[in-house]
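Colleague: Got a file for you: structure.txt, compact mmCIF, C-alpha atoms.
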# COMPACT_ATOMS: atom_id res chain seq x y z
CA MET A 1 -5.18 68.00 -69.92
CA SER A 2 -5.69 65.69 -66.95
CA ARG A 3 -2.36 64.23 -65.93
CA GLY A 4 -4.02 61.24 -64.25
CA GLY A 5 -5.96 60.41 -67.40
CA TYR A 6 -2.82 60.67 -69.52
CA VAL A 7 -0.74 58.43 -67.22
CA THR A 8 -3.56 55.86 -66.90
CA SER A 9 -3.96 55.77 -70.68
CA MET A 10 -0.21 55.36 -71.24
CA VAL A 11 0.05 52.53 -68.69
CA GLY A 12 -3.05 50.89 -70.18
CA GLY A 13 -1.65 51.28 -73.70
CA VAL A 14 1.72 49.72 -72.83
CA LEU A 15 0.02 46.86 -70.96
CA ALA A 16 -2.34 46.33 -73.89
CA LEU A 17 0.64 46.15 -76.27
CA VAL A 18 2.49 43.65 -74.05
CA PHE A 19 -0.59 41.45 -73.55
CA ALA A 20 -1.43 41.63 -77.24
CA MET A 21 2.08 40.43 -78.14
CA LEU A 22 1.83 37.63 -75.57
CA MET A 23 -1.62 36.67 -76.84
CA LEU A 24 -0.26 33.95 -79.14
CA LEU A 25 1.11 32.20 -76.06
CA THR A 26 -1.79 32.88 -73.70
CA GLY A 27 -4.44 32.09 -76.32
CA PHE A 28 -2.70 28.82 -77.20
CA TRP A 29 -2.28 27.91 -73.53
CA TRP A 30 -5.90 28.64 -72.60
CA ALA A 31 -7.21 26.78 -75.62
CA VAL A 32 -5.21 23.55 -75.41
CA GLY A 33 -2.80 23.90 -72.46
CA GLY A 34 -4.90 21.83 -70.04
CA ASP A 35 -5.56 19.14 -72.67
CA LEU A 36 -1.85 18.89 -73.52
CA VAL A 37 -0.85 18.54 -69.87
CA ARG A 38 -3.50 15.85 -69.37
CA PHE A 39 -2.36 14.08 -72.55
CA PHE A 40 1.28 13.89 -71.43
CA GLU A 41 0.26 12.83 -67.92
CA GLU A 42 -2.04 10.04 -69.10
CA ARG A 43 -0.47 8.99 -72.38
CA GLY A 44 3.15 10.11 -72.08
CA ASP A 45 4.38 6.52 -72.45
CA ARG A 46 2.67 6.20 -75.86
CA VAL A 47 4.51 9.12 -77.48
CA GLY A 48 7.34 6.91 -78.78
CA SER A 49 5.04 4.44 -80.52
CA MET A 50 2.86 7.30 -81.83
CA TRP A 51 5.98 8.86 -83.33
CA LYS A 52 6.83 5.63 -85.14
CA LEU A 53 3.27 5.02 -86.39
CA LEU A 54 2.88 8.60 -87.60
CA GLY A 55 6.12 8.26 -89.56
CA ARG A 56 4.94 5.02 -91.14
CA TYR A 57 1.59 6.62 -92.04
CA HIS A 58 3.46 9.28 -94.03
CA GLY A 59 5.88 6.79 -95.57
CA VAL A 60 8.91 7.64 -93.43
CA ALA A 61 11.09 4.65 -92.53
CA ASP A 62 11.67 3.84 -88.83
CA PHE A 63 14.36 5.65 -86.88
CA PRO A 64 17.73 3.88 -87.10
CA GLN A 65 18.52 4.84 -90.70
CA GLU A 66 21.72 5.10 -92.66
CA ASP A 67 21.08 8.68 -93.62
CA LEU A 68 19.90 10.63 -90.56
CA GLU A 69 19.61 13.88 -92.52
CA LYS A 70 17.08 12.27 -94.87
CA TYR A 71 15.09 10.94 -91.91
CA VAL A 72 15.04 14.36 -90.23
CA THR A 73 13.96 16.15 -93.42
CA GLU A 74 11.24 13.62 -94.23
CA TYR A 75 9.87 13.50 -90.71
CA LYS A 76 9.84 17.31 -90.46
CA ALA A 77 7.79 17.49 -93.66
CA ALA A 78 5.48 14.75 -92.34
CA LEU A 79 4.87 16.64 -89.09
CA GLU A 80 4.16 19.86 -90.97
CA LYS A 81 1.47 18.29 -93.15
CA THR A 82 -0.19 16.25 -90.39
CA THR A 83 -3.78 17.33 -89.74
CA SER A 84 -6.41 16.29 -87.23
CA GLU A 85 -8.01 14.13 -89.94
CA ASP A 86 -4.75 12.17 -90.32
CA LEU A 87 -4.64 11.61 -86.58
CA GLU A 88 -8.30 10.52 -86.58
CA ALA A 89 -7.51 8.08 -89.38
CA LEU A 90 -4.60 6.71 -87.35
CA ALA A 91 -6.84 6.45 -84.27
CA ASP A 92 -9.37 4.42 -86.28
CA LYS A 93 -6.68 2.27 -87.91
CA TYR A 94 -4.94 1.30 -84.66
CA ASN A 95 -7.97 1.82 -82.37
CA SER A 96 -5.81 4.15 -80.30
CA ALA A 97 -7.22 6.51 -77.64
CA ALA A 98 -3.91 8.41 -77.61
CA PHE A 99 -4.21 9.30 -81.30
CA ARG A 100 -7.87 10.24 -80.75
CA ASP A 101 -6.94 12.62 -77.89
CA MET A 102 -4.15 14.15 -79.97
CA ALA A 103 -6.55 14.57 -82.90
CA ALA A 104 -8.97 16.46 -80.66
CA ILE A 105 -6.15 18.78 -79.49
CA VAL A 106 -4.94 19.41 -83.05
CA ALA A 107 -8.54 20.03 -84.22
CA LYS A 108 -8.94 22.67 -81.49
CA LEU A 109 -5.69 24.31 -82.58
CA GLU A 110 -6.73 24.28 -86.23
CA ALA A 111 -10.01 25.97 -85.34
CA LEU A 112 -8.23 28.57 -83.21
CA ARG A 113 -5.24 29.32 -85.44
CA VAL A 114 -6.78 31.88 -87.81
CA ARG A 115 -8.78 33.60 -85.05
CA LEU A 116 -5.67 33.73 -82.85
CA ILE A 117 -3.45 35.31 -85.51
CA ILE A 118 -6.09 37.84 -86.63
CA GLY A 119 -7.01 38.71 -83.03
CA THR A 120 -3.37 39.18 -82.06
CA VAL A 121 -2.51 41.41 -85.02
CA LEU A 122 -5.61 43.57 -84.57
CA SER A 123 -5.06 43.81 -80.81
CA VAL A 124 -1.50 45.04 -81.39
CA LEU A 125 -2.80 47.65 -83.83
CA SER A 126 -5.48 48.76 -81.33
CA ALA A 127 -2.89 49.04 -78.56
CA VAL A 128 -0.69 51.17 -80.83
CA ALA A 129 -3.74 53.33 -81.60
CA ALA A 130 -4.28 53.79 -77.86
CA LEU A 131 -0.66 54.87 -77.39
CA VAL A 132 -0.95 57.32 -80.29
CA GLY A 133 -4.26 58.57 -78.90
CA ALA A 134 -2.61 59.32 -75.54
CA GLN A 135 -0.13 61.62 -77.30
CA VAL A 136 -2.82 63.17 -79.49
CA ALA A 137 -4.79 63.97 -76.32
CA LYS A 138 -2.03 66.42 -75.35
CA VAL A 139 -2.89 68.61 -78.32
CA ARG A 140 -6.45 67.58 -79.25
CA LEU A 141 -7.98 66.39 -76.01
CA LYS A 142 -11.32 65.16 -77.29
CA ALA A 143 -9.94 63.40 -80.36
CA GLY A 144 -7.26 61.66 -78.31
CA ALA A 145 -9.70 60.60 -75.58
CA ILE A 146 -12.15 59.18 -78.12
CA THR A 147 -9.29 57.29 -79.84
CA ILE A 148 -8.30 55.75 -76.51
CA LEU A 149 -11.94 54.88 -75.74
CA CYS A 150 -12.36 53.15 -79.11
CA ALA A 151 -9.01 51.36 -78.66
CA SER A 152 -10.06 50.04 -75.25
CA VAL A 153 -13.24 48.55 -76.71
CA LEU A 154 -11.37 47.14 -79.73
CA THR A 155 -8.59 45.51 -77.69
CA LEU A 156 -11.20 43.81 -75.55
CA GLY A 157 -13.15 42.66 -78.61
CA PHE A 158 -10.09 41.31 -80.43
CA SER A 159 -8.83 39.55 -77.32
CA LEU A 160 -12.24 37.87 -77.10
CA LEU A 161 -11.78 36.80 -80.72
CA ALA A 162 -8.36 35.33 -79.88
CA GLY A 163 -9.73 33.58 -76.79
CA SER A 164 -7.41 35.32 -74.34
CA VAL A 165 -9.54 37.97 -72.69
CA LEU A 166 -8.46 37.94 -69.04
CA PRO A 167 -5.11 39.83 -69.10
CA MET A 168 -6.33 42.17 -71.82
CA ALA A 169 -9.40 43.07 -69.75
CA ALA A 170 -7.16 44.79 -67.16
CA ALA A 171 -5.42 46.84 -69.85
CA SER A 172 -8.75 47.71 -71.51
CA LEU A 173 -10.15 48.82 -68.17
CA LEU A 174 -7.17 51.12 -67.63
CA LEU A 175 -7.63 52.56 -71.12
CA LEU A 176 -11.34 53.06 -70.50
CA ILE A 177 -10.71 54.84 -67.18
CA GLY A 178 -8.00 56.98 -68.76
CA SER A 179 -10.19 58.03 -71.67
CA LEU A 180 -13.14 58.84 -69.39
CA VAL A 181 -10.93 60.92 -67.08
CA LEU A 182 -9.58 62.80 -70.10
CA LEU A 183 -13.08 63.39 -71.49
CA ASN A 184 -14.34 64.50 -68.07
CA GLY A 185 -11.45 66.96 -67.73
CA GLY A 186 -12.22 68.35 -71.19
CA MET A 187 -15.92 68.86 -70.38
CA ALA A 188 -15.11 70.59 -67.08
CA ARG A 189 -12.88 72.99 -68.97
CA GLN A 190 -15.55 73.79 -71.55
CA GLY A 191 -17.75 75.28 -68.79
CA GLN A 192 -15.28 78.11 -68.19
CA GLU A 193 -14.65 81.20 -70.26
CA PRO A 194 -11.86 80.24 -72.65
CA GLY A 195 -8.47 81.62 -71.72
CA TRP A 196 -9.53 83.02 -68.34
CA GLU A 197 -9.69 81.56 -64.88
CA ALA A 198 -10.68 83.17 -61.56
CA GLU A 199 -8.01 83.12 -58.87
CA MET E 1 9.39 71.28 -86.31
CA LEU E 2 12.61 69.25 -86.06
CA ARG E 3 12.04 68.57 -82.37
CA ARG E 4 8.51 67.40 -83.05
CA ALA E 5 9.87 65.09 -85.77
CA GLY E 6 12.44 63.81 -83.30
CA PHE E 7 9.74 63.07 -80.73
CA VAL E 8 7.61 61.29 -83.33
CA CYS E 9 10.61 59.22 -84.48
CA GLY E 10 11.54 58.32 -80.91
CA TYR E 11 7.97 57.47 -79.90
CA ALA E 12 7.34 55.36 -83.01
CA GLY E 13 10.75 53.71 -82.56
CA GLY E 14 9.96 52.96 -78.91
CA ILE E 15 6.65 51.30 -79.79
CA LEU E 16 8.28 49.34 -82.65
CA ALA E 17 11.16 48.32 -80.37
CA LEU E 18 8.66 47.00 -77.82
CA ILE E 19 6.86 45.04 -80.52
CA CYS E 20 10.12 43.63 -81.94
CA ALA E 21 11.52 42.74 -78.51
CA LEU E 22 8.32 40.89 -77.60
CA LEU E 23 8.28 39.27 -81.05
CA MET E 24 11.66 37.74 -80.19
CA LEU E 25 9.79 35.52 -77.71
CA TYR E 26 8.46 33.64 -80.75
CA THR E 27 11.10 34.11 -83.44
CA VAL E 28 14.17 33.20 -81.35
CA PRO E 29 12.93 29.82 -79.98
CA ALA E 30 11.58 28.95 -83.42
CA GLY E 31 14.98 29.76 -84.94
CA ILE E 32 16.79 27.70 -82.30
CA VAL E 33 14.55 24.67 -82.87
CA ASP E 34 15.06 24.97 -86.63
CA SER E 35 18.85 25.18 -86.34
CA VAL E 36 18.98 22.29 -83.85
CA VAL E 37 16.94 20.09 -86.19
CA GLN E 38 19.26 21.02 -89.07
CA GLN E 39 22.35 20.29 -86.96
CA ILE E 40 20.93 16.92 -85.90
CA GLY E 41 20.52 16.06 -89.56
CA SER E 42 23.91 17.30 -90.69
CA GLU E 43 26.28 16.81 -87.73
CA LEU E 44 24.98 13.81 -85.78
CA GLU E 45 24.59 10.09 -86.43
CA ASN E 46 22.09 7.52 -85.17
CA GLU E 47 24.46 6.58 -82.32
CA HIS E 48 24.48 10.18 -81.05
CA ILE E 49 20.69 10.22 -80.93
CA MET E 50 20.59 6.96 -78.99
CA ALA E 51 23.25 8.26 -76.60
CA MET E 52 21.19 11.40 -76.08
CA GLY E 53 18.11 9.31 -75.33
CA GLU E 54 20.14 7.44 -72.73
CA MET E 55 21.28 10.74 -71.20
CA PHE E 56 17.75 12.16 -71.07
CA SER E 57 16.47 9.08 -69.27
CA SER E 58 19.25 9.05 -66.65
CA ASP E 59 19.18 11.10 -63.43
CA GLY E 60 21.40 14.01 -62.38
CA TRP E 61 21.23 16.44 -65.29
CA PRO E 62 24.44 18.53 -65.15
CA SER E 63 24.77 22.25 -64.54
CA LEU E 64 25.65 24.52 -67.46
CA SER E 65 29.39 23.94 -67.83
CA ARG E 66 31.43 22.00 -70.34
CA GLY E 67 33.22 19.97 -67.67
CA ALA E 68 29.97 18.99 -65.97
CA PHE E 69 28.52 17.77 -69.27
CA GLU E 70 31.69 15.75 -70.04
CA ASP E 71 31.55 14.13 -66.59
CA PHE E 72 27.87 13.39 -67.07
CA ALA E 73 28.58 11.79 -70.46
CA SER E 74 31.30 9.54 -69.06
CA ARG E 75 29.05 8.56 -66.12
CA VAL E 76 26.15 7.66 -68.44
CA ALA E 77 28.51 5.82 -70.85
CA LYS E 78 29.79 3.59 -68.01
CA GLY E 79 26.29 2.49 -66.99
CA SER E 80 24.95 2.16 -70.55
CA ARG E 81 24.06 -1.11 -72.27
CA LEU E 82 24.35 0.46 -75.73
CA ARG E 83 27.22 -0.71 -77.92
CA VAL E 84 28.44 2.82 -78.43
CA LYS E 85 31.91 4.31 -77.85
CA ASP E 86 32.46 6.73 -74.96
CA SER E 87 33.52 9.41 -77.44
CA VAL E 88 30.03 9.30 -78.99
CA PHE E 89 28.50 10.02 -75.59
CA GLU E 90 30.98 12.86 -75.16
CA GLN E 91 30.12 14.37 -78.56
CA ALA E 92 26.39 14.07 -77.83
CA ALA E 93 26.91 15.74 -74.44
CA LEU E 94 28.85 18.59 -76.06
CA PHE E 95 26.04 19.06 -78.58
CA LEU E 96 23.52 19.23 -75.72
CA TYR E 97 25.79 21.66 -73.84
CA ARG E 98 26.05 23.98 -76.88
CA THR E 99 22.29 23.88 -77.38
CA GLU E 100 21.54 24.62 -73.73
CA LEU E 101 24.11 27.43 -73.68
CA ASN E 102 22.53 28.92 -76.81
CA LEU E 103 19.09 28.71 -75.18
CA VAL E 104 20.25 30.42 -71.98
CA VAL E 105 22.12 33.18 -73.82
CA SER E 106 19.13 33.78 -76.10
CA ALA E 107 16.76 33.95 -73.10
CA VAL E 108 19.01 36.52 -71.41
CA LEU E 109 19.25 38.52 -74.64
CA ILE E 110 15.46 38.51 -75.06
CA LEU E 111 15.09 39.77 -71.48
CA ILE E 112 17.70 42.50 -72.06
CA SER E 113 15.99 43.47 -75.32
CA ILE E 114 12.60 43.83 -73.61
CA VAL E 115 14.12 45.97 -70.84
CA ALA E 116 15.99 48.07 -73.45
CA ALA E 117 12.80 48.56 -75.46
CA PHE E 118 10.97 49.76 -72.34
CA ALA E 119 13.86 52.14 -71.57
CA ALA E 120 13.74 53.50 -75.12
CA PHE E 121 9.98 54.00 -74.91
CA LEU E 122 10.29 55.84 -71.58
CA GLY E 123 13.14 57.87 -73.05
CA SER E 124 10.92 59.00 -75.92
CA LEU E 125 8.36 60.23 -73.36
CA MET E 126 11.04 62.39 -71.72
CA PHE E 127 11.98 63.99 -75.05
CA TYR E 128 10.80 67.55 -74.32
CA ARG E 129 11.58 67.72 -70.59
CA ARG E 130 15.05 66.17 -70.48
CA PRO E 131 16.37 65.94 -74.05
CA MET E 132 19.87 64.77 -73.12
CA ALA E 133 18.63 61.94 -70.90
CA ALA E 134 16.00 61.05 -73.50
CA GLY E 135 18.65 60.95 -76.24
CA ALA E 136 20.84 58.64 -74.18
CA MET E 137 17.85 56.47 -73.29
CA MET E 138 17.02 56.10 -76.97
CA LEU E 139 20.52 55.68 -78.45
CA VAL E 140 21.89 53.14 -75.96
CA PRO E 141 18.85 50.80 -76.11
CA ALA E 142 18.88 51.10 -79.92
CA LEU E 143 22.46 49.79 -79.93
CA VAL E 144 21.64 47.03 -77.41
CA LEU E 145 18.56 45.99 -79.40
CA LEU E 146 20.51 45.92 -82.65
CA MET E 147 23.28 43.78 -81.16
CA SER E 148 20.90 41.29 -79.60
CA ALA E 149 18.85 41.18 -82.80
CA ILE E 150 21.98 40.46 -84.85
CA TYR E 151 23.01 37.70 -82.42
CA THR E 152 19.58 36.08 -82.53
CA ASP E 153 19.18 36.46 -86.33
CA THR E 154 16.15 38.74 -86.04
CA ALA E 155 17.83 41.92 -87.28
CA MET E 156 15.35 42.66 -90.07
CA PRO E 157 12.28 43.74 -88.06
CA THR E 158 14.40 45.36 -85.34
CA ALA E 159 16.51 47.43 -87.73
CA LEU E 160 13.68 49.87 -88.48
CA ALA E 161 12.98 50.38 -84.77
CA CYS E 162 16.68 50.99 -84.14
CA LEU E 163 16.86 53.48 -87.02
CA LEU E 164 13.87 55.44 -85.69
CA LEU E 165 15.27 55.40 -82.15
CA ALA E 166 18.67 56.53 -83.39
CA ALA E 167 17.06 59.39 -85.34
CA GLY E 168 15.07 60.45 -82.27
CA GLY E 169 18.15 60.19 -80.06
CA ILE E 170 20.32 62.25 -82.40
CA ILE E 171 17.67 64.97 -82.70
CA ALA E 172 17.34 65.04 -78.91
CA PHE E 173 21.05 65.82 -78.64
CA MET E 174 20.80 68.71 -81.14
CA PRO E 175 20.83 72.11 -79.39
CA GLU E 176 17.55 74.03 -79.38
CA LYS E 177 17.24 77.17 -81.54
CA THR E 178 17.91 80.28 -79.41
CA PRO E 179 16.56 83.74 -80.36
CA THR E 180 19.05 85.98 -82.20
CA PRO E 181 20.79 88.21 -79.65
CA VAL E 182 20.09 91.93 -79.95
CA ARG E 183 23.11 94.11 -80.66
CA ALA E 184 24.14 96.36 -77.76
CA GLY E 185 22.63 99.84 -78.05
CA VAL E 186 19.78 98.76 -80.33
CA ARG E 187 16.34 98.99 -78.74
CA PRO E 188 14.12 96.02 -79.55
CA TYR E 189 10.91 96.81 -81.43
CA THR E 190 7.76 97.28 -79.35
CA PRO E 191 4.36 97.88 -80.93
CA PRO E 192 3.02 101.42 -80.38
CA ASP E 193 0.18 102.00 -77.88
CA PHE E 194 -2.01 104.82 -79.21
CA HIS E 195 -3.63 106.65 -76.27
CA GLU E 196 -6.33 108.20 -78.48
CA ASP E 197 -7.79 104.69 -78.92
CA ASP E 198 -8.18 104.17 -75.16
CA ASN E 199 -11.80 105.38 -75.09
CA PHE E 200 -12.70 103.69 -78.36
CA ALA E 201 -11.77 100.08 -77.54
CA PRO E 202 -10.29 99.04 -74.20
CA THR E 203 -6.76 97.73 -74.55
CA ARG E 204 -5.56 94.76 -72.63
CA MET E 205 -3.55 96.94 -70.23
CA LYS E 206 -6.62 99.08 -69.50
CA ARG E 207 -8.78 96.03 -68.92
CA GLN E 208 -6.22 94.69 -66.42
CA ARG E 209 -6.10 98.10 -64.67
CA GLU E 210 -9.88 98.19 -64.33
CA ALA E 211 -10.23 94.67 -62.93
CA PRO E 212 -11.70 94.70 -59.39
CA ALA E 213 -9.17 94.09 -56.68
CA ASP E 214 -11.14 91.32 -54.93
CA LYS E 215 -11.46 89.14 -58.03
CA ILE E 216 -8.45 89.43 -60.24
CA ARG E 217 -8.69 87.73 -63.61
CA VAL E 218 -5.43 86.56 -65.00
CA ARG E 219 -4.36 84.75 -68.07
CA VAL E 220 -2.98 81.37 -67.20
CA ARG E 221 -0.66 78.93 -68.80
CA ARG E 222 -2.65 76.05 -70.22
CA ASP E 223 -1.65 73.14 -72.42
CA ASP E 224 1.85 74.50 -72.74
CA HIS E 225 0.50 77.60 -74.48
CA ILE E 226 0.65 81.02 -72.84
CA ASP E 227 -2.59 82.80 -73.80
Could you render the structure as structure tokens?
Modeller:
Amino acid sequence: MSRGGYVTSMVGGVLALVFAMLMLLTGFWWAVGGDLVRFFEERGDRVGSMWKLLGRYHGVADFPQEDLEKYVTEYKAALEKTTSEDLEALADKYNSAAFRDMAAIVAKLEALRVRLIIGTVLSVLSAVAALVGAQVAKVRLKAGAITILCASVLTLGFSLLAGSVLPMAAASLLLLIGSLVLLNGGMARQGQEPGWEAE
Amino acid sequence: MLRRAGFVCGYAGGILALICALLMLYTVPAGIVDSVVQQIGSELENEHIMAMGEMFSSDGWPSLSRGAFEDFASRVAKGSRLRVKDSVFEQAALFLYRTELNLVVSAVLILISIVAAFAAFLGSLMFYRRPMAAGAMMLVPALVLLMSAIYTDTAMPTALACLLLAAGGIIAFMPEKTPTPVRAGVRPYTPPDFHEDDNFAPTRMKRQREAPADKIRVRVRRDDHID
């Protein structure tokens, strides 16, 4: 077995696993990171009033309350059930650009959420398959190399699904190179008489 | 068979440990936020929240020490227009200090866990070549991972990885099976070489004898199997 192919596949597999686990962060950041930064830069001073209005919309009394625990529990529940439609409704009610911007950000997140979770889980599984394939290649060269090749394509595809393709592309490339080197080594060996080599 | 099982356990444990350690990046901050929100509801009053708001808006955030936070609280309390006692500012500052300390310790633990998981994974790769080192590299990170997982309340997913790593590590420390020693004076069995068959089918020895001197064909070690 080609040592270079094995090492490249292992490095690619570990990188793919790390990037797949970080995909929830990177996917989130690339989807709405820029919008969030712009929102807090432009409308950071409106967050306090938005907080109050959102609470009122969900029937939570304003902040200084007798029972703080009740306020915290109610507001937490209100935040959890807030959707982009609620924010749009608030934007229309108060004619607020800040609520409209936040609604757009939340709508993007809602559209991404399922794809992000599915893409991350499947990318992790593909990376694990690549790592298993690298070990299988020690015993069954062709099977292992094909597993790594498939895993490299799958990790790239699932990272595209999750919207975080750039870091994963490097890992997929390493996996692809590793699998091709392994396959090439296997084909070169098939040309020789099995068990015998000329010295 | 046992050694192969040990390698599989160690390798699977290493991959799981990596996944669990990286998963801590999400579970630990989420847990901290949840516990802080609960503590705000149960331990603090409205005055504490207002005092905290005053502290956040003032300059000169203190370094991570209890004394520095107490000094900061008294400094903010002196310049504050809120009708709140100094002790409230002090309690709010202590709450912030505990939260920040918890965050820093958790961040360090996550970092240590990720490094330990990488060490365990590399250890599993060294299983056949250096079993003792591999065993140590799997057992010690398993312990470190378990401790940090218990501290950060994420023991459930990490426990399986630790179990697998521990199994791999223990098997790595087990001595390899050695062939049974032959008793002195007893000749080991060798298969007979019938010379009358030499002209019928060439034996391996005869084939090697007849190989031309300029191009010697030898059997070579390949894929850890001696043909």
Colleague: What does the structure give for the distance between atom CA of Ser126 of chain A and atom CA of Ile112 of chain E, in Å to one decimal?
Modeller: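 Computing the Euclidean distance for atom CA of Ser126 of chain A and atom CA of Ile112 of chain E yields 25.7 Å.
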Colleague: Using all atoms listed in the file for the distances, tell me which of E:Leu125, E:Val104, E:Leu94, E:Ala21 is nearest to Leu131 of chain A.
Modeller: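 Residue with the minimum atom-to-atom distance to Leu131 of chain A: E:Leu125.
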Colleague: Can you list, as a VMD selection string, every protein, DNA or RNA residue that comes within 10 Å of Tyr11 of chain E when you count only C-alpha atoms, leaving out same-chain residues fewer than 4 positions away?
Modeller: (chain A and resid 131 to 132 135) or (chain E and resid 5 to 7 15 to 17 120 to 125 127 138 161 164 to 165 168)
Colleague: Pick the closest to Gly13 of chain A from A:Ala98, A:Leu79, A:Val32, A:Val124: which is it, counting only C-alpha atoms?
Modeller: A:Val124
Colleague: If I take atom CA of Met55 of chain E and atom CA of Gly67 of chain E, how far is one from the other in Å, to one decimal?
Modeller: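 Spanning atom CA of Met55 of chain E to atom CA of Gly67 of chain E is a straight-line distance of 15.5 Å.
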Colleague: Using all atoms listed in the file, can you tell me which of A:Ile177, A:Met168, A:Leu182, A:Val47 comes closest to Val136 of chain A?
Modeller: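 For Val136 of chain A, the nearest of the candidates is A:Leu182.
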Colleague: Can you work out the spacing between atom CA of Gly33 of chain A and atom CA of Gly119 of chain A in Å, to one decimal?
Modeller: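 Between atom CA of Gly33 of chain A and atom CA of Gly119 of chain A the gap works out to 18.7 Å.
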Colleague: My list of candidates is A:Ser96, A:Leu15, A:Met21, A:Leu68. Which is closest to His48 of chain E when distances are computed with only C-alpha atoms?
Modeller: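 Of A:Ser96, A:Leu15, A:Met21, A:Leu68, the one nearest His48 of chain E, counting only C-alpha atoms, is A:Leu68.
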Colleague: Find the residues around Phe63 of chain A up to 9 Å (only C-alpha atoms counted), leave out those fewer than 4 positions away in its own chain, and share them as a list in words.
Modeller: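 In the requested format, the answer is Lys52, Leu68 and Tyr71 of chain A; Asn46 of chain E.
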Colleague: Could you give me, as a PyMOL selection string, the residues within 10 Å of segment 138-153 of chain A, counting all atoms listed in the file and dropping anything in the same chain fewer than 2 positions from it?
Modeller: (chain A and resi 1-3+5-6+9-10+12-13+16+123+125-136+155-158+168-169+171-187) or (chain E and resi 223-224)
Colleague: Can you rebuild segment 44-48 of chain E with all heavy atoms and give it as an mmCIF file, in the coordinates of the input?
Modeller:
data_model
loop_
_atom_site.group_PDB
_atom_site.id
_atom_site.type_symbol
_atom_site.label_atom_id
_atom_site.label_comp_id
_atom_site.auth_asym_id
_atom_site.auth_seq_id
_atom_site.Cartn_x
_atom_site.Cartn_y
_atom_site.Cartn_z
ATOM 1 N N LEU E 44 25.051 14.979 -86.665
ATOM 2 C CA LEU E 44 24.980 13.810 -85.780
ATOM 3 C C LEU E 44 24.655 12.532 -86.553
ATOM 4 O O LEU E 44 24.199 12.571 -87.697
ATOM 5 C CB LEU E 44 23.918 14.040 -84.697
ATOM 6 C CG LEU E 44 24.117 15.261 -83.794
ATOM 7 C CD1 LEU E 44 23.035 15.302 -82.729
ATOM 8 C CD2 LEU E 44 25.478 15.264 -83.134
ATOM 9 N N GLU E 45 24.911 11.411 -85.883
ATOM 10 C CA GLU E 45 24.590 10.090 -86.430
ATOM 11 C C GLU E 45 23.540 9.427 -85.532
ATOM 12 O O GLU E 45 23.209 9.960 -84.470
ATOM 13 C CB GLU E 45 25.872 9.225 -86.438
ATOM 14 C CG GLU E 45 27.020 9.812 -87.233
ATOM 15 C CD GLU E 45 26.766 9.819 -88.729
ATOM 16 O OE1 GLU E 45 25.994 8.961 -89.200
ATOM 17 O OE2 GLU E 45 27.304 10.702 -89.415
ATOM 18 N N ASN E 46 23.083 8.253 -85.971
ATOM 19 C CA ASN E 46 22.090 7.520 -85.170
ATOM 20 C C ASN E 46 22.578 7.250 -83.751
ATOM 21 O O ASN E 46 21.822 7.327 -82.783
ATOM 22 C CB ASN E 46 21.758 6.185 -85.836
ATOM 23 C CG ASN E 46 20.992 6.395 -87.124
ATOM 24 O OD1 ASN E 46 20.195 7.313 -87.221
ATOM 25 N ND2 ASN E 46 21.247 5.550 -88.104
ATOM 26 N N GLU E 47 23.885 6.908 -83.641
ATOM 27 C CA GLU E 47 24.460 6.580 -82.320
ATOM 28 C C GLU E 47 24.344 7.764 -81.354
ATOM 29 O O GLU E 47 24.078 7.587 -80.171
ATOM 30 C CB GLU E 47 25.934 6.228 -82.484
ATOM 31 C CG GLU E 47 26.192 5.000 -83.335
ATOM 32 C CD GLU E 47 27.639 4.887 -83.723
ATOM 33 O OE1 GLU E 47 28.314 5.926 -83.839
ATOM 34 O OE2 GLU E 47 28.104 3.759 -83.921
ATOM 35 N N HIS E 48 24.569 8.971 -81.905
ATOM 36 C CA HIS E 48 24.480 10.180 -81.050
ATOM 37 C C HIS E 48 23.070 10.335 -80.490
ATOM 38 O O HIS E 48 22.888 10.687 -79.334
ATOM 39 C CB HIS E 48 24.868 11.424 -81.844
ATOM 40 C CG HIS E 48 26.297 11.456 -82.256
ATOM 41 N ND1 HIS E 48 26.688 11.235 -83.548
ATOM 42 C CD2 HIS E 48 27.431 11.660 -81.559
ATOM 43 C CE1 HIS E 48 27.998 11.324 -83.636
ATOM 44 N NE2 HIS E 48 28.481 11.582 -82.435
#
